[in-house]
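S.K.: Pasting protein06.cif below, which is mmCIF, C-alpha atoms.
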```cif
data_input
#
loop_
_atom_site.label_atom_id
_atom_site.label_comp_id
_atom_site.auth_asym_id
_atom_site.auth_seq_id
_atom_site.Cartn_x
_atom_site.Cartn_y
_atom_site.Cartn_z
CA MET A 19 147.35 -12.18 32.50
CA SER A 20 148.03 -8.46 32.07
CA ASN A 21 147.13 -5.88 34.68
CA PRO A 22 143.59 -4.52 34.59
CA LEU A 23 143.24 -1.17 32.91
CA ARG A 24 143.61 1.93 34.98
CA GLY A 25 141.32 4.86 34.23
CA VAL A 26 142.91 8.29 34.54
CA VAL A 27 140.45 11.19 34.57
CA VAL A 28 141.99 14.54 33.58
CA SER A 29 140.07 17.77 33.95
CA HIS A 30 139.98 21.43 34.70
CA ALA A 31 139.65 22.38 38.37
CA GLY A 32 138.02 19.75 40.62
CA LEU A 33 135.85 17.97 38.08
CA ALA A 34 138.05 14.86 37.82
CA GLN A 35 138.09 14.32 41.57
CA SER A 36 134.33 14.73 41.76
CA LEU A 37 133.71 12.31 38.88
CA VAL A 38 135.98 9.70 40.46
CA THR A 39 134.32 10.12 43.85
CA ALA A 40 130.87 9.75 42.30
CA ALA A 41 131.88 6.71 40.22
CA GLU A 42 133.34 4.99 43.28
CA HIS A 43 130.28 5.82 45.34
CA ILE A 44 127.88 4.41 42.76
CA SER A 45 129.86 1.38 41.58
CA GLY A 46 131.60 0.38 44.77
CA VAL A 47 134.75 -0.16 42.68
CA ARG A 48 137.77 1.56 44.18
CA ASP A 49 141.31 2.04 42.91
CA ALA A 50 140.26 1.76 39.26
CA LEU A 51 140.20 5.51 38.60
CA VAL A 52 142.78 8.19 39.33
CA PRO A 53 141.87 11.90 39.14
CA VAL A 54 144.25 14.52 37.74
CA THR A 55 143.58 18.25 37.75
CA ASN A 56 145.32 20.73 35.45
CA GLU A 57 145.23 23.33 38.23
CA GLY A 58 148.54 25.18 38.48
CA CYS A 59 150.20 23.23 35.66
CA ASP A 60 151.87 24.31 32.48
CA GLY A 61 151.86 21.80 29.64
CA GLY A 62 155.01 20.02 30.78
CA SER A 63 154.04 19.55 34.41
CA LEU A 64 150.54 18.39 33.47
CA LYS A 65 152.06 15.74 31.23
CA GLU A 66 154.20 14.62 34.18
CA ARG A 67 151.14 14.44 36.42
CA ILE A 68 149.25 12.34 33.90
CA GLY A 69 152.26 10.07 33.45
CA GLU A 70 152.53 9.49 37.19
CA ALA A 71 148.82 8.66 37.36
CA ILE A 72 149.12 6.18 34.51
CA GLY A 73 152.08 4.46 36.09
CA GLU A 74 153.14 1.42 34.11
CA GLY A 75 149.76 1.11 32.39
CA PRO A 76 147.83 -0.08 30.53
CA ALA A 77 145.37 2.77 30.84
CA VAL A 78 142.53 4.73 29.34
CA VAL A 79 142.85 8.48 29.87
CA PHE A 80 139.51 10.28 30.08
CA VAL A 81 139.72 14.00 29.30
CA ASP A 82 137.02 16.62 29.90
CA LEU A 83 137.14 18.62 26.66
CA PRO A 84 138.00 17.67 23.09
CA GLY A 85 140.80 20.24 23.04
CA GLY A 86 143.04 22.25 25.30
CA SER A 87 145.70 21.50 27.87
CA CYS A 88 144.20 18.30 29.32
CA LEU A 89 143.87 16.70 25.91
CA ALA A 90 147.30 17.90 24.82
CA GLY A 91 148.94 16.35 27.88
CA ALA A 92 147.11 13.06 27.43
CA VAL A 93 147.89 12.75 23.73
CA ARG A 94 151.55 13.57 24.28
CA ILE A 95 151.84 10.82 26.89
CA SER A 96 150.05 8.41 24.59
CA ARG A 97 152.43 9.21 21.74
CA ASP A 98 155.48 8.92 23.96
CA GLN A 99 154.51 5.60 25.50
CA GLY A 100 153.02 4.01 22.39
CA ARG A 101 150.66 1.09 22.77
CA GLY A 102 148.86 0.55 26.03
CA ILE A 103 147.26 3.97 26.41
CA ALA A 104 144.04 5.17 24.81
CA VAL A 105 142.52 8.63 25.15
CA VAL A 106 138.82 9.51 25.30
CA THR A 107 137.42 13.07 25.37
CA GLY A 108 134.15 14.35 26.80
CA VAL A 109 134.30 12.28 29.97
CA ASN A 110 131.02 11.75 31.78
CA LEU A 111 129.90 9.69 34.72
CA ALA A 112 128.09 7.10 32.62
CA MET A 113 131.22 6.13 30.70
CA LEU A 114 133.25 5.81 33.89
CA LEU A 115 130.61 3.56 35.45
CA ASP A 116 130.76 1.28 32.43
CA PHE A 117 134.55 1.38 32.29
CA VAL A 118 135.21 0.25 35.84
CA PHE A 119 133.46 -3.06 35.10
CA HIS A 120 135.31 -3.69 31.82
CA ARG A 121 138.92 -3.20 32.70
CA ASP A 122 140.02 -6.49 31.18
CA LEU A 123 139.68 -5.20 27.59
CA PRO A 124 142.53 -3.90 25.46
CA PRO A 125 142.80 -0.11 25.86
CA ALA A 126 141.46 0.74 22.41
CA GLU A 127 138.42 -1.50 22.88
CA ALA A 128 137.77 -0.15 26.34
CA ALA A 129 138.01 3.39 24.99
CA GLN A 130 135.48 2.68 22.23
CA ARG A 131 133.17 0.99 24.71
CA ALA A 132 133.40 4.03 27.00
CA VAL A 133 132.60 6.39 24.12
CA ASP A 134 129.52 4.30 23.28
CA ALA A 135 128.36 4.14 26.90
CA GLY A 136 128.91 7.84 27.45
CA GLY A 137 127.13 8.75 24.24
CA ARG A 138 124.11 6.63 25.10
CA ALA A 139 123.72 8.58 28.33
CA ILE A 140 123.21 11.88 26.55
CA ARG A 141 119.52 12.16 25.84
CA ILE A 142 116.54 14.45 26.03
CA PRO A 143 113.99 12.64 28.19
CA PRO A 144 110.33 12.79 27.22
CA ALA A 145 108.56 15.76 28.78
CA MET B 15 142.13 46.94 14.74
CA SER B 16 140.95 43.41 14.42
CA LEU B 17 143.81 41.83 16.37
CA VAL B 18 142.42 42.67 19.77
CA VAL B 19 144.78 40.86 22.16
CA VAL B 20 148.38 39.66 22.14
CA ARG B 21 148.47 37.02 24.87
CA VAL B 22 151.17 34.92 26.50
CA ASP B 23 149.72 31.67 27.80
CA ASP B 24 151.80 28.54 28.23
CA ARG B 25 148.78 26.29 27.62
CA LEU B 26 148.33 27.90 24.21
CA ILE B 27 144.88 27.10 22.78
CA HIS B 28 142.72 25.95 25.69
CA GLY B 29 139.36 26.59 27.32
CA GLN B 30 140.15 29.96 28.83
CA VAL B 31 141.27 31.27 25.46
CA VAL B 32 138.52 29.88 23.22
CA VAL B 33 135.68 30.28 25.73
CA GLY B 34 136.81 32.88 28.30
CA TRP B 35 138.10 35.28 25.64
CA GLY B 36 136.52 33.79 22.56
CA GLN B 37 132.90 34.19 23.54
CA PRO B 38 132.80 37.77 24.89
CA LEU B 39 135.12 39.13 22.21
CA GLY B 40 133.56 37.14 19.40
CA LEU B 41 136.95 35.77 18.37
CA GLN B 42 137.02 34.42 14.85
CA PHE B 43 140.67 33.51 14.56
CA ILE B 44 143.63 32.71 16.78
CA ALA B 45 147.12 33.24 15.41
CA LEU B 46 149.26 30.83 17.40
CA VAL B 47 152.91 31.86 17.13
CA ASP B 48 155.21 29.11 18.25
CA ASP B 49 158.15 27.71 16.27
CA LYS B 50 157.78 24.22 17.73
CA VAL B 51 154.06 23.91 17.04
CA ARG B 52 154.52 25.39 13.57
CA ALA B 53 156.95 22.56 12.79
CA SER B 54 154.64 19.77 13.93
CA ASP B 55 151.56 18.77 11.96
CA TRP B 56 150.20 16.57 14.73
CA GLU B 57 150.56 19.34 17.33
CA GLN B 58 148.62 21.64 15.02
CA ASP B 59 145.92 18.98 14.63
CA LEU B 60 145.80 18.66 18.40
CA TYR B 61 145.29 22.37 18.93
CA ARG B 62 142.72 22.57 16.12
CA MET B 63 140.61 20.09 18.08
CA GLY B 64 140.12 22.75 20.75
CA VAL B 65 138.88 25.39 18.34
CA PRO B 66 135.09 25.65 18.02
CA PRO B 67 133.23 26.00 14.72
CA GLY B 68 133.41 29.54 13.42
CA MET B 69 136.90 30.11 14.78
CA GLU B 70 140.06 29.46 12.80
CA ALA B 71 143.46 28.52 14.21
CA VAL B 72 146.38 29.90 12.21
CA PHE B 73 149.88 28.60 12.98
CA ALA B 74 153.02 30.62 12.41
CA SER B 75 156.66 30.72 13.33
CA VAL B 76 158.04 33.97 14.74
CA ASP B 77 159.45 34.89 11.33
CA GLU B 78 156.17 34.11 9.60
CA ALA B 79 154.25 36.10 12.21
CA ALA B 80 156.44 39.13 11.58
CA ARG B 81 155.57 38.92 7.89
CA ARG B 82 151.87 38.27 8.42
CA TYR B 83 151.18 40.63 11.34
CA ASP B 84 149.88 43.47 9.16
CA ASP B 85 147.52 41.06 7.39
CA TRP B 86 146.16 39.88 10.73
CA VAL B 87 145.62 43.47 11.85
CA LYS B 88 143.80 44.29 8.61
CA ASP B 89 141.74 41.10 8.78
CA ALA B 90 138.04 41.94 9.01
CA ARG B 91 137.60 39.17 11.55
CA VAL B 92 138.30 39.54 15.27
CA GLY B 93 141.57 37.83 16.19
CA LEU B 94 143.88 37.03 19.07
CA LEU B 95 147.63 36.50 18.76
CA LEU B 96 148.81 33.80 21.14
CA THR B 97 152.29 32.81 22.23
CA GLY B 98 153.42 30.36 24.89
CA ASP B 99 156.43 32.05 26.42
CA ILE B 100 158.05 35.38 27.13
CA ASP B 101 161.02 34.89 24.81
CA THR B 102 158.69 34.41 21.87
CA VAL B 103 156.73 37.55 22.59
CA ILE B 104 159.97 39.52 22.97
CA ALA B 105 161.13 38.15 19.62
CA LEU B 106 157.84 39.34 18.15
CA VAL B 107 158.21 42.84 19.60
CA ASP B 108 161.75 42.95 18.19
CA ARG B 109 160.41 42.23 14.72
CA ILE B 110 157.11 44.11 14.98
CA PRO B 111 157.76 47.54 16.54
CA LYS B 112 154.09 48.48 16.26
CA LEU B 113 153.19 45.74 18.74
CA ARG B 114 152.64 47.90 21.82
CA ARG B 115 150.67 45.86 24.32
CA VAL B 116 151.22 42.37 25.71
CA THR B 117 148.80 40.53 27.99
CA LEU B 118 150.11 37.80 30.27
CA GLY B 119 147.56 35.05 30.74
CA GLY B 120 148.51 31.73 32.27
CA ILE B 121 152.21 31.41 33.05
CA HIS B 122 152.51 28.53 35.44
CA HIS B 123 154.94 27.39 38.08
CA LYS B 124 158.31 25.93 37.18
CA PRO B 125 161.46 25.61 39.24
CA GLY B 126 162.98 29.07 39.64
CA ARG B 127 159.69 30.88 39.21
CA SER B 128 157.71 32.48 42.03
CA GLU B 129 154.09 33.51 42.25
CA ARG B 130 153.39 37.06 41.15
CA LEU B 131 149.67 36.62 40.64
CA ARG B 132 147.48 33.55 41.04
CA TYR B 133 147.97 32.73 37.36
CA VAL B 134 151.38 34.31 36.72
CA TYR B 135 154.63 32.78 37.95
CA LEU B 136 157.85 34.41 36.82
CA ALA B 137 161.55 33.96 37.43
CA ASP B 138 163.56 37.08 38.22
CA ASP B 139 165.20 37.07 34.81
CA GLU B 140 161.78 36.90 33.16
CA VAL B 141 160.66 39.93 35.17
CA ALA B 142 163.78 41.76 34.00
CA LYS B 143 162.96 40.92 30.37
CA LEU B 144 159.42 42.20 30.79
CA ARG B 145 160.62 45.38 32.47
CA ALA B 146 162.91 45.91 29.50
CA LEU B 147 159.85 45.65 27.24
CA VAL B 148 158.10 48.29 29.33
CA SER B 149 161.13 50.56 29.09
CA ARG B 150 160.79 50.26 25.31
CA GLY B 151 157.27 51.61 25.53
CA VAL B 152 155.37 48.31 25.46
CA GLU B 153 152.47 48.07 27.87
CA VAL B 154 152.71 44.76 29.77
CA VAL B 155 149.68 43.69 31.77
CA ALA B 156 148.32 40.51 33.32
CA GLN B 157 144.72 39.54 32.73
CA ASP B 158 143.46 35.98 32.79
CA VAL B 159 139.94 36.67 31.52
CA PRO B 160 138.29 39.78 30.02
CA THR B 161 136.11 40.32 33.09
CA ALA B 162 139.20 40.71 35.29
CA ARG B 163 141.15 43.94 35.64
CA ALA B 164 144.27 44.26 33.51
CA VAL B 165 147.04 44.51 36.11
CA PRO B 166 150.13 46.51 35.04
CA LEU B 167 153.50 44.77 35.38
CA ALA B 168 154.67 47.30 37.96
CA GLU B 169 151.90 46.20 40.32
CA PHE B 170 152.68 42.51 40.39
CA ALA B 171 156.40 42.32 39.65
CA LYS B 172 158.02 44.78 42.05
#
```
Please express what this file holds, its structure, as structure tokens.
M.R.:
Amino acid sequence: MSNPLRGVVVSHAGLAQSLVTAAEHISGVRDALVPVTNEGCDGGSLKERIGEAIGEGPAVVFVDLPGGSCLAGAVRISRDQGRGIAVVTGVNLAMLLDFVFHRDLPPAEAAQRAVDAGGRAIRIPPA
Amino acid sequence: MSLVVVRVDDRLIHGQVVVGWGQPLGLQFIALVDDKVRASDWEQDLYRMGVPPGMEAVFASVDEAARRYDDWVKDARVGLLLTGDIDTVIALVDRIPKLRRVTLGGIHHKPGRSERLRYVYLADDEVAKLRALVSRGVEVVAQDVPTARAVPLAEFAK
């Protein structure tokens, strides 16, 4: 049986750490998510940071914005390492909470599941 | 002049550029000058993902930028010229004598560099290259976002 998926959350400033802390607090699942900040990094060093967080994989990399340095670093790692890494943009807490309980899926399936779960959480509640 | 900023930022197109500068200046195009990105379709696709609707990303090599610079200046839209490193911006100044002001945005830590400002790390040889630009009459400042003061090179690279 392959290793369970690791979730790597990559963000500007302290958002990734806060999301991981919140997800662990709510789910009780620890060591499934690793935060990475782009603080103080150029493109090359951010890619290194993400690679260290992924380790040997497999992994889903959750990025805050659908563009910019965090996404660029994640996609470059994914291209370099080939299969075993999927990238999702627009990370939110709802998708992380779903992800930590479905780490036995292949990365691409887990990524799609996370996108669906995260999307379902974005709503306008009735007034 | 529609090309309002010439910026050096090693993250190239990212949030601080498209939001921090893009919103207050009403940026409508970014001319990204980088030989490596110009040669890679997938890198261009990647950077396009970070560009919001209503803003165009244009990719050019240094040689292409030298040829297209006047068109960008005459463009009715508001634009920003973006490069990722000091050597590229020096190459641009060499080819485009009318380029008279360079803004350093994010230049991050690497071995050999030291902190000059919170968002600008430079090696001594990079400082020397920038001083040489200043001696040629180019204004070199650091400014991460438009709301911050533009800091002249002489103040942060003594």
S.K.: On this file, the PyMOL selection byres ((chain A and resi 140) around 12) gives some set of residues; write that set as an NGL selection string.
M.R.: :A and (108-113 or 133-139 or 141-143)
S.K.: Mind checking which residues fall within 10 Å of segment 34-43 of chain A, counting all atoms listed in the file, ignoring those fewer than 5 positions away in the same chain, and posting them as a CSV table (one decimal) with C-alpha atoms, keeping the file's coordinate frame?
M.R.:
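Writing done, so here's out-v7.csv:
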```
chain,number,residue,atom,x,y,z
A,25,GLY,CA,141.3,4.9,34.2
A,26,VAL,CA,142.9,8.3,34.5
A,27,VAL,CA,140.4,11.2,34.6
A,28,VAL,CA,142.0,14.5,33.6
A,29,SER,CA,140.1,17.8,34.0
A,48,ARG,CA,137.8,1.6,44.2
A,49,ASP,CA,141.3,2.0,42.9
A,50,ALA,CA,140.3,1.8,39.3
A,51,LEU,CA,140.2,5.5,38.6
A,52,VAL,CA,142.8,8.2,39.3
A,53,PRO,CA,141.9,11.9,39.1
A,54,VAL,CA,144.2,14.5,37.7
A,55,THR,CA,143.6,18.2,37.8
A,56,ASN,CA,145.3,20.7,35.4
A,80,PHE,CA,139.5,10.3,30.1
A,81,VAL,CA,139.7,14.0,29.3
A,82,ASP,CA,137.0,16.6,29.9
A,109,VAL,CA,134.3,12.3,30.0
A,110,ASN,CA,131.0,11.8,31.8
A,111,LEU,CA,129.9,9.7,34.7
A,112,ALA,CA,128.1,7.1,32.6
A,113,MET,CA,131.2,6.1,30.7
A,114,LEU,CA,133.2,5.8,33.9
A,115,LEU,CA,130.6,3.6,35.4
A,116,ASP,CA,130.8,1.3,32.4
A,117,PHE,CA,134.6,1.4,32.3
A,118,VAL,CA,135.2,0.2,35.8
```
S.K.: The centre and edge lengths of an axis-aligned box containing all atoms of segment 32-41 of chain A present in the file, extended by 4 Å on each side, are to be given in Å to one decimal, as JSON.
M.R.:
```
{"center_x": 134.5, "center_y": 13.2, "center_z": 40.8, "size_x": 15.2, "size_y": 21.0, "size_z": 14.0}
```
S.K.: With the file shown as input, list the residues that the PyMOL selection byres ((chain A) within 7 of (chain B)) selects, as a PyMOL selection string.
M.R.: chain A and resi 58-61+84-87+90
S.K.: Taking all atoms listed in the file into account, name the residue in B:Ala142, B:Val51, B:Leu131, B:Val33 that is nearest to Val155 of chain B.
M.R.: B:Leu131
S.K.: Atom CA of Tyr83 of chain B and atom CA of Val103 of chain B, how far apart in Å?
M.R.: 12.9 Å
S.K.: What does the PyMOL selection byres ((chain B and resi 87) around 8) select in this file, as number ranges by chain?
M.R.: B: 15-17, 83-86, 88-89
S.K.: What gap, in Å, lies between atom CA of His120 of chain A and atom CA of Pro76 of chain A?
M.R.: 13.1 Å
S.K.: For Gly126 of chain B, list every protein, DNA or RNA residue within 10 Å, evaluated using all atoms listed in the file, and leave out those in the same chain fewer than 4 positions away; present the list as a list in words.
M.R.: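 Answer for this query is Tyr135, Leu136, Ala137, Asp138 and Asp139 of chain B.
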S.K.: So how far away is atom CA of Ala80 of chain B from atom CA of Arg109 of chain B, in Å?
M.R.: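 About the pair atom CA of Arg109 of chain B and atom CA of Ala80 of chain B: they are 5.9 Å apart.
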S.K.: Compile the contact shell of Pro111 of chain B as a tab-separated table (two decimals) with C-alpha atoms, keeping the file's coordinate frame: residues with an atom at most 10 Å away, counting only C-alpha atoms, same-chain residues fewer than 6 positions apart removed.
M.R.:
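The file below, part11.tsv, is the result:
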```
chain	number	residue	atom	x	y	z
B	80	ALA	CA	156.44	39.13	11.58
B	150	ARG	CA	160.79	50.26	25.31
B	151	GLY	CA	157.27	51.61	25.53
B	152	VAL	CA	155.37	48.31	25.46
```
S.K.: Can you tell me, as a list in words, which residues sit within 10 Å of (159.8, 48.2, 38.0) in the file's frame, using only C-alpha atoms?
M.R.: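 Counting only C-alpha atoms, I find these residues within 10 Å of (159.8, 48.2, 38.0): Val141, Ala142, Leu144, Arg145, Ala146, Val148, Ser149, Leu167, Ala168, Glu169, Phe170, Ala171 and Lys172 of chain B.
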S.K.: Compare A:Pro22, A:Arg121, A:Lys65, A:Glu74 by their minimum atom-to-atom distance to Val93 of chain A, counting only C-alpha atoms, and give me the closest one.
M.R.: A:Lys65
S.K.: Which is closest to Gln42 of chain B among B:Arg91, B:Arg115, B:Arg130, B:Lys143, if we use all atoms listed in the file?
M.R.: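 Closest to Gln42 of chain B, using all atoms listed in the file: B:Arg91.
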S.K.: Got a minute to add N, CA and C atoms to segment 117-149 of chain B and dump it as a compact mmCIF listing (two decimals), keeping the file's coordinate frame?
M.R.:
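Once everything was written out, this is part.txt:
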```txt
# COMPACT_ATOMS: atom_id res chain seq x y z
N THR B 117 149.60 40.98 26.85
CA THR B 117 148.80 40.53 27.99
C THR B 117 149.31 39.16 28.44
N LEU B 118 149.70 39.09 29.72
CA LEU B 118 150.11 37.80 30.27
C LEU B 118 148.88 37.08 30.78
N GLY B 119 148.67 35.86 30.27
CA GLY B 119 147.56 35.05 30.74
C GLY B 119 148.10 34.02 31.71
N GLY B 120 148.00 32.78 31.39
CA GLY B 120 148.51 31.73 32.27
C GLY B 120 149.99 31.47 32.06
N ILE B 121 150.79 31.79 33.06
CA ILE B 121 152.21 31.41 33.05
C ILE B 121 152.44 30.67 34.36
N HIS B 122 152.61 29.38 34.26
CA HIS B 122 152.51 28.53 35.44
C HIS B 122 153.86 28.27 36.11
N HIS B 123 153.76 27.62 37.26
CA HIS B 123 154.94 27.39 38.08
C HIS B 123 155.93 26.45 37.42
N LYS B 124 157.20 26.79 37.56
CA LYS B 124 158.31 25.93 37.18
C LYS B 124 159.40 26.20 38.20
N PRO B 125 160.34 25.31 38.33
CA PRO B 125 161.46 25.61 39.24
C PRO B 125 162.12 26.94 38.86
N GLY B 126 162.36 27.75 39.87
CA GLY B 126 162.98 29.07 39.64
C GLY B 126 161.97 30.20 39.54
N ARG B 127 160.72 29.85 39.29
CA ARG B 127 159.69 30.88 39.21
C ARG B 127 159.01 31.05 40.57
N SER B 128 158.50 32.25 40.82
CA SER B 128 157.71 32.48 42.03
C SER B 128 156.39 33.14 41.64
N GLU B 129 155.43 33.02 42.55
CA GLU B 129 154.09 33.51 42.25
C GLU B 129 154.06 35.04 42.30
N ARG B 130 153.58 35.61 41.22
CA ARG B 130 153.39 37.06 41.15
C ARG B 130 151.91 37.41 41.21
N LEU B 131 151.12 36.59 40.56
CA LEU B 131 149.67 36.62 40.64
C LEU B 131 149.22 35.16 40.66
N ARG B 132 147.98 34.93 40.96
CA ARG B 132 147.48 33.55 41.04
C ARG B 132 147.78 32.76 39.77
N TYR B 133 147.79 33.43 38.63
CA TYR B 133 147.97 32.73 37.36
C TYR B 133 149.25 33.14 36.65
N VAL B 134 150.11 33.88 37.33
CA VAL B 134 151.38 34.31 36.72
C VAL B 134 152.53 34.00 37.65
N TYR B 135 153.39 33.11 37.23
CA TYR B 135 154.63 32.78 37.95
C TYR B 135 155.79 33.21 37.04
N LEU B 136 156.74 33.92 37.62
CA LEU B 136 157.85 34.41 36.82
C LEU B 136 159.16 34.27 37.59
N ALA B 137 160.21 33.92 36.86
CA ALA B 137 161.55 33.96 37.43
C ALA B 137 162.05 35.41 37.38
N ASP B 138 163.06 35.70 38.17
CA ASP B 138 163.56 37.08 38.22
C ASP B 138 164.05 37.55 36.85
N ASP B 139 164.69 36.64 36.12
CA ASP B 139 165.20 37.07 34.81
C ASP B 139 164.05 37.33 33.83
N GLU B 140 162.94 36.63 34.02
CA GLU B 140 161.78 36.90 33.16
C GLU B 140 161.17 38.27 33.49
N VAL B 141 161.14 38.60 34.78
CA VAL B 141 160.66 39.93 35.17
C VAL B 141 161.55 41.00 34.55
N ALA B 142 162.85 40.76 34.58
CA ALA B 142 163.78 41.76 34.00
C ALA B 142 163.52 41.93 32.51
N LYS B 143 163.25 40.82 31.82
CA LYS B 143 162.96 40.92 30.37
C LYS B 143 161.68 41.71 30.12
N LEU B 144 160.68 41.48 30.96
CA LEU B 144 159.42 42.20 30.79
C LEU B 144 159.57 43.68 31.12
N ARG B 145 160.37 43.96 32.14
CA ARG B 145 160.62 45.38 32.47
C ARG B 145 161.33 46.07 31.30
N ALA B 146 162.21 45.33 30.66
CA ALA B 146 162.91 45.91 29.50
C ALA B 146 161.91 46.22 28.39
N LEU B 147 160.90 45.36 28.23
CA LEU B 147 159.85 45.65 27.24
C LEU B 147 159.13 46.94 27.60
N VAL B 148 158.79 47.08 28.89
CA VAL B 148 158.10 48.29 29.33
C VAL B 148 158.95 49.53 29.06
N SER B 149 160.24 49.41 29.32
CA SER B 149 161.13 50.56 29.09
C SER B 149 161.20 50.93 27.61
```
